[in-house]
$ cat query.cif   # mmCIF, C-alpha atoms and all ligand atoms
data_entry
loop_
_atom_site.label_atom_id
_atom_site.label_comp_id
_atom_site.auth_asym_id
_atom_site.auth_seq_id
_atom_site.Cartn_x
_atom_site.Cartn_y
_atom_site.Cartn_z
CA MET A 1 0.00 0.00 0.00
CA LEU A 2 2.67 2.51 1.00
CA ARG A 3 4.73 1.76 -2.09
CA ARG A 4 1.78 2.70 -4.23
CA ILE A 5 1.95 6.21 -2.87
CA GLY A 6 5.71 6.73 -3.17
CA TRP A 7 7.31 4.87 -0.26
CA ASP A 8 10.66 3.29 -1.07
CA ASP A 9 13.82 1.89 0.51
CA ALA A 10 15.39 5.29 1.02
CA PHE A 11 12.41 6.60 2.99
CA ALA A 12 12.26 3.31 4.88
CA GLY A 13 15.90 3.78 5.84
CA ALA A 14 15.25 7.28 7.14
CA PHE A 15 12.26 6.03 9.09
CA ARG A 16 14.05 3.11 10.79
CA PRO A 17 15.72 5.03 13.63
CA TYR A 18 12.35 6.50 14.69
CA HIS A 19 10.82 3.05 14.73
CA ALA A 20 13.75 1.70 16.73
CA THR A 21 13.16 4.39 19.37
CA ASP A 22 9.40 3.90 19.52
CA PRO A 23 7.94 0.84 17.78
CA ARG A 24 4.46 2.34 17.87
CA VAL A 25 5.24 4.96 15.19
CA VAL A 26 4.15 4.48 11.58
CA PRO A 27 5.00 6.35 8.38
CA GLY A 28 2.34 8.44 6.66
CA ARG A 29 2.29 10.68 3.61
CA ILE A 30 0.76 14.09 4.12
CA ALA A 31 -2.26 14.67 1.92
CA ARG A 32 -3.28 18.02 3.26
CA VAL A 33 -2.20 20.46 5.95
CA ASP A 34 -4.60 22.64 7.88
CA ARG A 35 -4.57 24.50 11.15
CA GLY A 36 -3.12 22.42 13.91
CA GLY A 37 -2.75 19.21 11.98
CA CYS A 38 -2.90 17.30 8.75
CA GLU A 39 -4.42 14.40 6.91
CA LEU A 40 -2.14 11.56 5.99
CA LEU A 41 -2.27 8.36 4.01
CA THR A 42 -0.87 5.42 5.95
CA ALA A 43 -0.75 1.66 5.44
CA ASP A 44 -4.03 1.56 7.39
CA GLY A 45 -5.67 4.19 5.22
CA PRO A 46 -6.27 7.91 5.76
CA VAL A 47 -5.74 9.29 9.27
CA ARG A 48 -5.64 12.67 10.94
CA ALA A 49 -2.74 13.75 13.13
CA GLY A 50 -2.01 16.89 15.09
CA PHE A 51 1.12 18.95 15.29
CA THR A 52 2.72 19.16 18.68
CA GLY A 53 4.99 21.85 19.94
CA ARG A 54 5.57 25.13 18.20
CA PRO A 55 5.71 25.39 14.42
CA ALA A 56 9.23 25.66 13.02
CA THR A 57 10.33 29.26 12.61
CA ASP A 58 11.78 28.43 9.22
CA PRO A 59 8.70 27.90 7.04
CA THR A 60 10.58 25.49 4.79
CA GLU A 61 10.78 23.13 7.74
CA ARG A 62 7.04 23.00 8.20
CA ALA A 63 4.96 20.07 7.03
CA CYS A 64 3.49 20.24 3.54
CA THR A 65 1.64 18.04 1.10
CA GLY A 66 3.85 15.21 -0.10
CA ASP A 67 5.98 15.04 3.02
CA TRP A 68 6.58 11.69 4.67
CA ALA A 69 5.91 11.99 8.38
CA VAL A 70 6.56 9.90 11.46
CA VAL A 71 3.16 9.45 13.11
CA GLY A 72 2.86 8.37 16.72
CA PRO A 73 0.08 7.93 19.29
CA THR A 74 -0.76 10.61 21.83
CA ALA A 75 -1.66 10.00 25.47
CA ASP A 76 -5.32 10.83 24.80
CA GLY A 77 -5.71 8.28 22.05
CA GLY A 78 -5.08 10.61 19.12
CA ARG A 79 -2.18 10.86 16.73
CA GLU A 80 0.63 13.34 16.39
CA ILE A 81 3.36 14.16 13.90
CA ARG A 82 6.70 13.33 15.52
CA ALA A 83 9.01 14.27 12.65
CA LEU A 84 9.27 14.74 8.90
CA LEU A 85 11.58 12.52 6.86
CA PRO A 86 14.19 14.36 4.76
CA ARG A 87 12.75 15.63 1.48
CA ARG A 88 13.90 14.55 -1.92
CA SER A 89 12.58 17.58 -3.73
CA ALA A 90 10.49 20.62 -2.89
CA PHE A 91 8.59 23.43 -4.53
CA LEU A 92 9.09 26.71 -2.74
CA ARG A 93 6.97 29.79 -3.05
CA SER A 94 8.75 33.09 -2.79
CA GLY A 95 8.37 34.75 0.57
CA SER A 96 5.50 37.06 1.30
CA SER A 97 6.07 40.33 3.11
CA LYS A 98 5.87 38.40 6.36
CA SER A 99 8.68 36.06 5.65
CA ALA A 100 11.60 36.10 3.30
CA ARG A 101 12.06 32.43 3.09
CA GLY A 102 9.88 30.34 0.84
CA HIS A 103 6.95 28.29 1.98
CA VAL A 104 7.04 24.75 0.68
CA LEU A 105 4.11 24.00 -1.60
CA ALA A 106 4.80 20.34 -2.29
CA ALA A 107 7.50 17.87 -1.28
CA ASN A 108 8.99 14.68 -2.65
CA VAL A 109 7.82 15.25 -6.20
CA ASP A 110 9.37 13.22 -9.04
CA ILE A 111 7.66 14.65 -12.10
CA SER A 112 6.36 18.11 -12.96
CA LEU A 113 3.59 17.70 -15.47
CA ILE A 114 3.35 21.01 -17.30
CA ALA A 115 -0.06 21.46 -18.90
CA VAL A 116 -0.14 23.56 -22.06
CA SER A 117 -3.40 24.01 -23.94
CA LEU A 118 -3.32 23.28 -27.65
CA ALA A 119 -6.36 25.55 -28.00
CA ASP A 120 -4.18 28.60 -27.30
CA GLU A 121 -1.10 29.88 -29.01
CA LEU A 122 2.07 28.32 -27.64
CA VAL A 123 4.01 30.91 -25.64
CA VAL A 124 7.45 29.42 -25.73
CA SER A 125 9.01 31.68 -23.09
CA ARG A 126 6.33 30.72 -20.61
CA LEU A 127 6.86 27.05 -21.23
CA GLU A 128 10.58 27.57 -20.70
CA ARG A 129 9.85 29.17 -17.34
CA PHE A 130 7.82 26.21 -16.20
CA VAL A 131 10.51 23.82 -17.40
CA ALA A 132 13.18 25.77 -15.52
CA LEU A 133 11.04 25.73 -12.40
CA ALA A 134 10.56 21.97 -12.69
CA TRP A 135 14.28 21.30 -12.88
CA ALA A 136 15.03 23.74 -10.07
CA ALA A 137 12.62 21.97 -7.73
CA GLY A 138 14.51 18.74 -8.30
CA THR A 139 11.84 17.24 -10.53
CA ARG A 140 11.73 15.95 -14.09
CA PRO A 141 9.58 18.03 -16.45
CA VAL A 142 7.03 16.35 -18.69
CA VAL A 143 5.03 18.57 -21.03
CA VAL A 144 1.44 17.60 -21.64
CA LEU A 145 -0.31 19.29 -24.53
CA THR A 146 -3.96 19.32 -23.54
CA LYS A 147 -7.16 19.67 -25.55
CA GLY A 148 -5.69 17.80 -28.51
CA ASP A 149 -9.17 17.55 -29.98
CA LEU A 150 -9.14 21.32 -30.58
CA ALA A 151 -5.90 21.47 -32.59
CA SER A 152 -5.27 20.43 -36.16
CA ASP A 153 -1.48 20.32 -36.38
CA VAL A 154 -0.63 18.58 -33.12
CA ALA A 155 2.64 17.13 -34.44
CA HIS A 156 3.91 20.57 -35.40
CA LEU A 157 3.02 22.07 -32.01
CA ALA A 158 4.55 19.12 -30.21
CA ALA A 159 7.81 19.73 -32.09
CA ASP A 160 7.78 23.40 -31.02
CA ALA A 161 7.17 22.42 -27.42
CA GLN A 162 9.95 19.86 -27.58
CA ALA A 163 12.37 22.48 -28.87
CA ALA A 164 11.53 24.73 -25.93
CA ALA A 165 11.92 21.91 -23.45
CA PRO A 166 14.93 19.79 -24.36
CA GLY A 167 15.19 16.74 -22.16
CA ALA A 168 11.51 16.79 -21.26
CA GLY A 169 8.96 14.29 -22.53
CA VAL A 170 6.16 15.80 -24.62
CA HIS A 171 2.71 14.17 -24.80
CA ALA A 172 -0.44 15.28 -26.53
CA VAL A 173 -3.72 14.28 -24.94
CA SER A 174 -7.40 15.00 -25.08
CA ALA A 175 -9.30 14.49 -21.87
CA LEU A 176 -12.46 14.82 -23.91
CA THR A 177 -11.84 11.90 -26.27
CA GLY A 178 -9.39 10.10 -24.00
CA ASP A 179 -6.70 10.16 -26.68
CA GLY A 180 -3.20 9.79 -25.25
CA VAL A 181 -4.32 9.62 -21.63
CA ASP A 182 -3.30 5.98 -21.17
CA ARG A 183 0.11 6.62 -22.69
CA LEU A 184 0.61 9.54 -20.34
CA ALA A 185 -0.62 7.52 -17.36
CA ALA A 186 2.02 4.90 -18.14
CA GLN A 187 4.70 7.61 -17.87
CA LEU A 188 3.48 8.61 -14.43
CA ARG A 189 3.09 5.12 -13.01
CA GLY A 190 4.63 4.85 -9.55
CA ALA A 191 5.83 8.47 -9.53
CA SER A 192 4.77 11.48 -7.48
CA THR A 193 3.62 14.09 -9.97
CA VAL A 194 2.54 17.72 -9.72
CA LEU A 195 0.41 19.51 -12.26
CA LEU A 196 1.65 22.94 -13.29
CA GLY A 197 0.26 25.32 -15.85
CA LEU A 198 -1.88 28.37 -16.42
CA SER A 199 -5.46 28.59 -15.30
CA GLY A 200 -7.67 27.02 -17.90
CA ALA A 201 -4.91 24.82 -19.30
CA GLY A 202 -7.00 21.78 -18.45
CA LYS A 203 -5.27 20.59 -15.27
CA SER A 204 -8.38 19.66 -13.30
CA THR A 205 -9.92 17.89 -16.25
CA LEU A 206 -6.71 15.96 -16.80
CA ALA A 207 -6.40 15.16 -13.10
CA ASN A 208 -9.89 13.67 -13.22
CA ALA A 209 -9.06 11.65 -16.31
CA LEU A 210 -5.90 10.30 -14.70
CA THR A 211 -7.27 9.52 -11.27
CA GLY A 212 -10.92 8.76 -11.89
CA ARG A 213 -13.20 11.01 -9.89
CA GLU A 214 -13.86 8.33 -7.30
CA SER A 215 -10.37 8.48 -5.88
CA GLN A 216 -10.87 12.09 -4.85
CA ARG A 217 -13.28 11.11 -2.12
CA VAL A 218 -11.74 9.21 0.72
CA GLN A 219 -12.77 8.35 4.19
CA SER A 220 -10.75 9.90 6.94
CA THR A 221 -10.74 8.79 10.53
CA ARG A 222 -10.68 11.55 13.07
CA GLY A 223 -8.11 10.60 15.62
CA ARG A 224 -7.71 13.61 17.80
CA ASP A 225 -11.21 14.69 18.61
CA GLY A 226 -12.61 11.18 18.46
CA ARG A 227 -15.70 12.27 16.55
CA GLY A 228 -15.58 9.18 14.42
CA ARG A 229 -15.58 9.02 10.64
CA HIS A 230 -16.33 11.83 8.32
CA THR A 231 -15.99 12.16 4.61
CA THR A 232 -13.37 14.48 3.28
CA THR A 233 -11.68 15.09 0.00
CA THR A 234 -7.93 14.78 -0.08
CA ARG A 235 -7.87 17.19 -2.95
CA ASP A 236 -4.15 17.72 -2.62
CA LEU A 237 -2.78 14.18 -2.87
CA LEU A 238 -4.58 11.91 -5.29
CA PRO A 239 -3.56 8.27 -5.63
CA LEU A 240 -3.31 7.07 -9.24
CA PRO A 241 -5.08 3.80 -10.09
CA GLU A 242 -1.89 2.10 -11.28
CA GLY A 243 0.31 3.41 -8.49
CA GLY A 244 1.84 6.79 -7.86
CA VAL A 245 0.16 10.02 -6.78
CA LEU A 246 -0.87 13.33 -8.22
CA LEU A 247 -0.18 16.33 -6.01
CA ASP A 248 -2.48 19.22 -6.68
CA THR A 249 -2.05 21.88 -4.03
CA PRO A 250 -3.84 25.16 -4.66
CA GLY A 251 -0.78 27.38 -4.25
CA LEU A 252 1.27 25.39 -6.68
CA ARG A 253 -0.77 26.52 -9.63
CA GLY A 254 0.50 30.04 -9.69
CA VAL A 255 3.94 29.21 -8.51
CA GLY A 256 6.70 31.78 -9.04
CA LEU A 257 10.29 31.40 -10.01
CA TRP A 258 11.69 31.49 -6.50
CA GLN A 259 14.26 28.80 -6.99
CA ALA A 260 14.59 28.61 -10.72
CA ALA A 261 18.18 29.82 -10.97
CA GLU A 262 19.62 26.33 -11.14
CA GLY A 263 16.89 25.31 -13.51
CA VAL A 264 17.99 27.91 -16.03
CA GLY A 265 21.09 25.91 -16.77
CA ALA A 266 19.17 22.73 -17.38
CA THR A 267 16.60 24.45 -19.60
CA PHE A 268 19.16 26.33 -21.63
CA GLY A 269 21.74 23.55 -21.62
CA GLU A 270 22.89 24.22 -25.16
CA ILE A 271 23.60 27.90 -24.38
CA GLU A 272 25.49 27.17 -21.18
CA GLN A 273 27.43 24.52 -23.07
CA LEU A 274 28.38 26.98 -25.80
CA ALA A 275 29.30 29.59 -23.19
CA GLN A 276 32.13 27.34 -22.07
CA GLY A 277 33.76 28.16 -25.39
CA CYS A 278 33.55 31.95 -24.96
CA ARG A 279 36.89 33.70 -24.71
CA PHE A 280 35.97 35.46 -21.46
CA GLY A 281 34.77 33.52 -18.46
CA ASP A 282 32.24 36.20 -17.54
CA CYS A 283 31.08 36.73 -21.11
CA GLY A 284 27.65 38.37 -21.27
CA HIS A 285 27.10 37.18 -24.86
CA ARG A 286 26.31 40.69 -26.05
CA ALA A 287 29.15 42.03 -28.13
CA GLU A 288 32.23 40.42 -26.58
CA PRO A 289 34.94 39.26 -28.96
CA GLY A 290 35.32 35.50 -29.19
CA CYS A 291 31.79 34.86 -27.95
CA ALA A 292 30.79 31.32 -28.88
CA VAL A 293 27.10 31.94 -28.21
CA LEU A 294 26.90 34.89 -30.60
CA ALA A 295 28.78 32.85 -33.17
CA ALA A 296 26.17 30.10 -32.90
CA ILE A 297 23.41 32.64 -33.38
CA GLU A 298 25.23 34.09 -36.37
CA ASP A 299 25.46 30.72 -38.08
CA GLY A 300 21.87 29.91 -37.20
CA SER A 301 22.48 26.89 -34.97
CA VAL A 302 20.87 28.70 -32.00
CA PRO A 303 17.80 30.90 -32.56
CA GLN A 304 18.13 34.48 -31.32
CA ARG A 305 14.88 33.96 -29.42
CA ARG A 306 16.49 31.30 -27.23
CA LEU A 307 19.21 33.70 -26.15
CA ASP A 308 16.61 36.40 -25.47
CA SER A 309 14.55 34.19 -23.19
CA TYR A 310 17.70 32.92 -21.50
CA ARG A 311 18.68 36.49 -20.64
CA LYS A 312 15.18 37.38 -19.57
CA LEU A 313 14.98 34.43 -17.19
CA LEU A 314 18.38 35.26 -15.69
CA ARG A 315 17.33 38.88 -15.15
CA GLU A 316 14.11 37.82 -13.52
CA ASN A 317 15.93 35.51 -11.15
CA GLU A 318 18.31 38.28 -10.19
CA ARG A 319 15.38 40.53 -9.33
CA LEU A 320 13.78 37.80 -7.24
CA ALA A 321 17.01 37.04 -5.46
CA ALA A 322 17.55 40.72 -4.67
CA ARG A 323 14.05 41.04 -3.27
CA ALA A 324 14.49 37.92 -1.17
CA ASP A 325 17.70 39.40 0.16
CA VAL A 326 16.00 42.56 1.34
CA LEU A 327 13.23 40.59 3.02
CA LEU A 328 15.70 38.30 4.69
CA ARG A 329 17.62 41.24 6.10
CA ALA A 330 14.41 42.79 7.42
CA GLU A 331 13.57 39.51 9.10
CA GLN A 332 17.01 39.20 10.66
CA LEU A 333 16.69 42.72 11.99
CA LYS A 334 13.37 41.87 13.60
CA GLU A 335 14.83 38.75 15.17
CA TRP A 336 17.80 40.74 16.45
CA LYS A 337 15.50 43.33 18.02
CA ARG A 338 13.45 40.59 19.61
CA ARG A 339 16.55 39.03 21.14
CA ALA A 340 17.85 42.38 22.31
CA ALA A 341 14.52 43.07 24.01
CA GLN A 342 14.57 39.62 25.55
CA GLY A 343 18.11 40.18 26.82
CA ARG A 344 17.10 43.52 28.34
CA TRP A 345 14.16 41.89 30.05
CA GLU A 346 16.30 39.08 31.42
CA SER A 347 18.85 41.44 32.87
CA ASP A 348 16.01 43.46 34.38
CA VAL A 349 14.71 40.28 35.99
CA LYS A 350 18.13 39.66 37.51
CA ARG A 351 18.11 43.11 39.00
CA GLY A 352 14.57 42.64 40.23
CA ARG A 353 13.16 45.41 38.05
CA ALA A 354 11.06 43.64 35.47
CA PRO A 355 7.26 43.69 35.62
CA GLY A 356 5.97 40.65 37.42
CA SER A 357 9.34 39.85 38.90
CA GLY A 358 8.53 41.38 42.24
CA GLY A 359 10.61 44.48 41.72
CA ARG A 360 9.38 48.06 42.05
CA GLY A 361 10.05 49.48 38.66
CA SER A 362 7.71 48.68 35.87
CA ARG A 363 9.11 49.31 32.49
CA ARG A 364 7.22 50.09 29.33
CA ARG A 365 7.87 47.49 26.70
N1 LIG B 401 -12.23 20.35 -25.88
C1 LIG B 401 -11.58 20.09 -24.74
N2 LIG B 401 -11.77 20.91 -23.67
C2 LIG B 401 -11.10 20.63 -22.53
C3 LIG B 401 -10.23 19.52 -22.43
N3 LIG B 401 -9.68 19.54 -21.18
C4 LIG B 401 -10.23 20.59 -20.54
N4 LIG B 401 -11.08 21.26 -21.34
C5 LIG B 401 -11.85 22.47 -21.00
O1 LIG B 401 -10.99 23.53 -20.68
C6 LIG B 401 -11.52 24.33 -19.63
C7 LIG B 401 -10.52 24.48 -18.50
O2 LIG B 401 -10.22 23.20 -17.96
P1 LIG B 401 -9.79 22.99 -16.44
O3 LIG B 401 -9.49 21.54 -16.29
O4 LIG B 401 -10.77 23.58 -15.53
O5 LIG B 401 -8.47 23.86 -16.39
P2 LIG B 401 -7.49 24.09 -15.13
O6 LIG B 401 -6.11 24.12 -15.70
O7 LIG B 401 -7.75 23.10 -14.08
O8 LIG B 401 -7.90 25.53 -14.67
P3 LIG B 401 -7.77 26.15 -13.19
O9 LIG B 401 -8.63 25.32 -12.31
O10 LIG B 401 -8.29 27.54 -13.36
O11 LIG B 401 -6.31 26.11 -12.83
C8 LIG B 401 -12.80 23.64 -19.20
O12 LIG B 401 -13.89 24.30 -19.78
C9 LIG B 401 -12.66 22.24 -19.74
O13 LIG B 401 -13.90 21.65 -20.04
C10 LIG B 401 -10.06 18.68 -23.59
O14 LIG B 401 -9.31 17.71 -23.61
N5 LIG B 401 -10.76 19.03 -24.69
ZN ZN B 402 29.71 34.65 -24.89
#
$ encode --input "query.cif" --output "structure tokens"
Amino acid sequence: MLRRIGWDDAFAGAFRPYHATDPRVVPGRIARVDRGGCELLTADGPVRAGFTGRPATDPTERACTGDWAVVGPTADGGREIRALLPRRSAFLRSGSSKSARGHVLAANVDISLIAVSLADELVVSRLERFVALAWAAGTRPVVVLTKGDLASDVAHLAADAQAAAPGAGVHAVSALTGDGVDRLAAQLRGASTVLLGLSGAGKSTLANALTGRESQRVQSTRGRDGRGRHTTTTRDLLPLPEGGVLLDTPGLRGVGLWQAAEGVGATFGEIEQLAQGCRFGDCGHRAEPGCAVLAAIEDGSVPQRRLDSYRKLLRENERLAARADVLLRAEQLKEWKRRAAQGRWESDVKRGRAPGSGGRGSRRR
């Protein structure tokens, strides 16, 4: 059962020490996180478990859909999350104004399925962004061209998509007629897959075709409050009929390029390869003498458009990184102020001056 939802020897190895310490713990895969707890799939089916202790200050260390967790019993007959097993891959969202560090949107993903509608014009630069993001998250991109029934020259469009996504599989499907769905399903068998793509690209329709609607409704046992069984939808982690899971967390759909820097290299492999041959190590491929990239564009072996989107993606990443930097500094400053205040309070306590410490002076804080 666990293997069908992504469990393997490596996770089993990471889990062993926890089991050796307390044989009552079991592994579970997080299907959804909410306030105070989460739903997990375990060998015994879906369960609910609570978080104990304070949430990690670093949001990337907090539980998210796709995580493997160590689940143990509580004294009052409920269940609690004891630990998370180390992640294999993770999608991070760029920090909000509250926090500079990224929240994790999905963990332990093998394949990023990038949905592109054949009913709309192919925007190559956008596809490249998704591909870069997929690589950067530690996943393998697979492009799925949806709504095949609405396009006439599918082969041509598939070739364009393939050119924009070297190293990625490209599949055309129609959820309406069912064309290509089985072939795609075979590619995803046993893997943990996320669906990426613009709104309206056909992700939900495809998810239904791949999972069968039935699998979206599962029974969950309430452990903590003991209110018995209730029906819930594990919308975020959908088991596939032939093994493997589809992760479909809401935030993932509009995911940004937080961590795409590494992915740029993988997406634009041919440009980075050529750049090795440039005369200058820090060549910007603009007008430098001995630039191998410009030479390749001159002789037509690399389209100018590829270099343009490469530069654009790099610029965008720099902007994101700079913004993250500013936020991080602001957060560090806040933390430093908090500690300074704490230190002041503690020394006041020692001198018997802090409020509530029995001293006379009360200090405004
Ligand atoms: N003709 C045709 N229409 C499709 C196909 N797949 C999806 N559609 C239609 O495309 C529209 C958008 O599909 P969704 O599955 O909702 O798209 P989505 O990517 O999940 O969109 P969001 O939920 O906004 O992220 C719907 O009206 C679907 O009926 C297909 O294979 N063929
Ligand atoms: Zn160059």
$ residues_around --input "query.cif" --residues "stretch 18-31 of chain A" --least-positions-apart "2" --cutoff "8 Å" --atoms "all atoms listed in the file" --output "compact mmCIF listing (two decimals) with C-alpha atoms, in the coordinates of the input"
# COMPACT_ATOMS: atom_id res chain seq x y z
CA ILE A 5 1.95 6.21 -2.87
CA PHE A 15 12.26 6.03 9.09
CA ARG A 16 14.05 3.11 10.79
CA VAL A 33 -2.20 20.46 5.95
CA CYS A 38 -2.90 17.30 8.75
CA GLU A 39 -4.42 14.40 6.91
CA LEU A 40 -2.14 11.56 5.99
CA LEU A 41 -2.27 8.36 4.01
CA THR A 42 -0.87 5.42 5.95
CA ALA A 43 -0.75 1.66 5.44
CA ALA A 63 4.96 20.07 7.03
CA CYS A 64 3.49 20.24 3.54
CA THR A 65 1.64 18.04 1.10
CA GLY A 66 3.85 15.21 -0.10
CA ASP A 67 5.98 15.04 3.02
CA TRP A 68 6.58 11.69 4.67
CA ALA A 69 5.91 11.99 8.38
CA VAL A 70 6.56 9.90 11.46
CA VAL A 71 3.16 9.45 13.11
CA GLY A 72 2.86 8.37 16.72
CA PRO A 73 0.08 7.93 19.29
CA THR A 234 -7.93 14.78 -0.08
CA ARG A 235 -7.87 17.19 -2.95
CA ASP A 236 -4.15 17.72 -2.62
CA LEU A 237 -2.78 14.18 -2.87
$ residues_around --input "query.cif" --residues "A:Phe91" --least-positions-apart "6" --cutoff "7 Å" --atoms "only C-alpha atoms" --output "compact mmCIF listing (two decimals) with C-alpha atoms, keeping the file's coordinate frame"
# COMPACT_ATOMS: atom_id res chain seq x y z
CA VAL A 104 7.04 24.75 0.68
CA LEU A 105 4.11 24.00 -1.60
CA ALA A 106 4.80 20.34 -2.29
CA ALA A 107 7.50 17.87 -1.28
CA ALA A 137 12.62 21.97 -7.73
$ closest_atom_pairs --input "query.cif" --of "chain A" --to "ligand ZN 402 (chain B)" --cutoff "8 Å" --atoms "only C-alpha atoms and all ligand atoms" --output "Markdown table"
| residue | atom | partner | partner_atom | distance |
| --- | --- | --- | --- | --- |
| A:Leu274 | CA | B:ZN402 | ZN | 7.8 |
| A:Ala275 | CA | B:ZN402 | ZN | 5.4 |
| A:Gly277 | CA | B:ZN402 | ZN | 7.7 |
| A:Cys278 | CA | B:ZN402 | ZN | 4.7 |
| A:Arg279 | CA | B:ZN402 | ZN | 7.2 |
| A:Phe280 | CA | B:ZN402 | ZN | 7.2 |
| A:Asp282 | CA | B:ZN402 | ZN | 7.9 |
| A:Cys283 | CA | B:ZN402 | ZN | 4.5 |
| A:Gly284 | CA | B:ZN402 | ZN | 5.6 |
| A:His285 | CA | B:ZN402 | ZN | 3.6 |
| A:Arg286 | CA | B:ZN402 | ZN | 7.0 |
| A:Glu288 | CA | B:ZN402 | ZN | 6.5 |
| A:Gly290 | CA | B:ZN402 | ZN | 7.1 |
| A:Cys291 | CA | B:ZN402 | ZN | 3.7 |
| A:Ala292 | CA | B:ZN402 | ZN | 5.3 |
| A:Val293 | CA | B:ZN402 | ZN | 5.0 |
| A:Leu294 | CA | B:ZN402 | ZN | 6.4 |
$ write_last_selection --input "query.cif" --atoms "C-alpha atoms" --output "PDB file, in the frame of the given file"
ATOM      1  CA  LEU A 274      28.380  26.980 -25.800  1.00  0.00           C
ATOM      2  CA  ALA A 275      29.300  29.590 -23.190  1.00  0.00           C
ATOM      3  CA  GLY A 277      33.760  28.160 -25.390  1.00  0.00           C
ATOM      4  CA  CYS A 278      33.550  31.950 -24.960  1.00  0.00           C
ATOM      5  CA  ARG A 279      36.890  33.700 -24.710  1.00  0.00           C
ATOM      6  CA  PHE A 280      35.970  35.460 -21.460  1.00  0.00           C
ATOM      7  CA  ASP A 282      32.240  36.200 -17.540  1.00  0.00           C
ATOM      8  CA  CYS A 283      31.080  36.730 -21.110  1.00  0.00           C
ATOM      9  CA  GLY A 284      27.650  38.370 -21.270  1.00  0.00           C
ATOM     10  CA  HIS A 285      27.100  37.180 -24.860  1.00  0.00           C
ATOM     11  CA  ARG A 286      26.310  40.690 -26.050  1.00  0.00           C
ATOM     12  CA  GLU A 288      32.230  40.420 -26.580  1.00  0.00           C
ATOM     13  CA  GLY A 290      35.320  35.500 -29.190  1.00  0.00           C
ATOM     14  CA  CYS A 291      31.790  34.860 -27.950  1.00  0.00           C
ATOM     15  CA  ALA A 292      30.790  31.320 -28.880  1.00  0.00           C
ATOM     16  CA  VAL A 293      27.100  31.940 -28.210  1.00  0.00           C
ATOM     17  CA  LEU A 294      26.900  34.890 -30.600  1.00  0.00           C
TER      18      LEU A 294
END
$ residues_around --input "query.cif" --residues "A:Phe130" --least-positions-apart "3" --cutoff "8 Å" --atoms "all atoms listed in the file" --output "list of chain:residue names"
A:Ile114, A:Arg126, A:Leu127, A:Leu133, A:Ala134, A:Leu196, A:Gly197
$ residues_near_ligand --input "query.cif" --ligand "ligand LIG 401 (chain B)" --cutoff "9 Å" --atoms "all atoms listed in the file" --output "ChimeraX atom specification"
/A:115-117,119,146-150,173-179,195-208,250,253-254
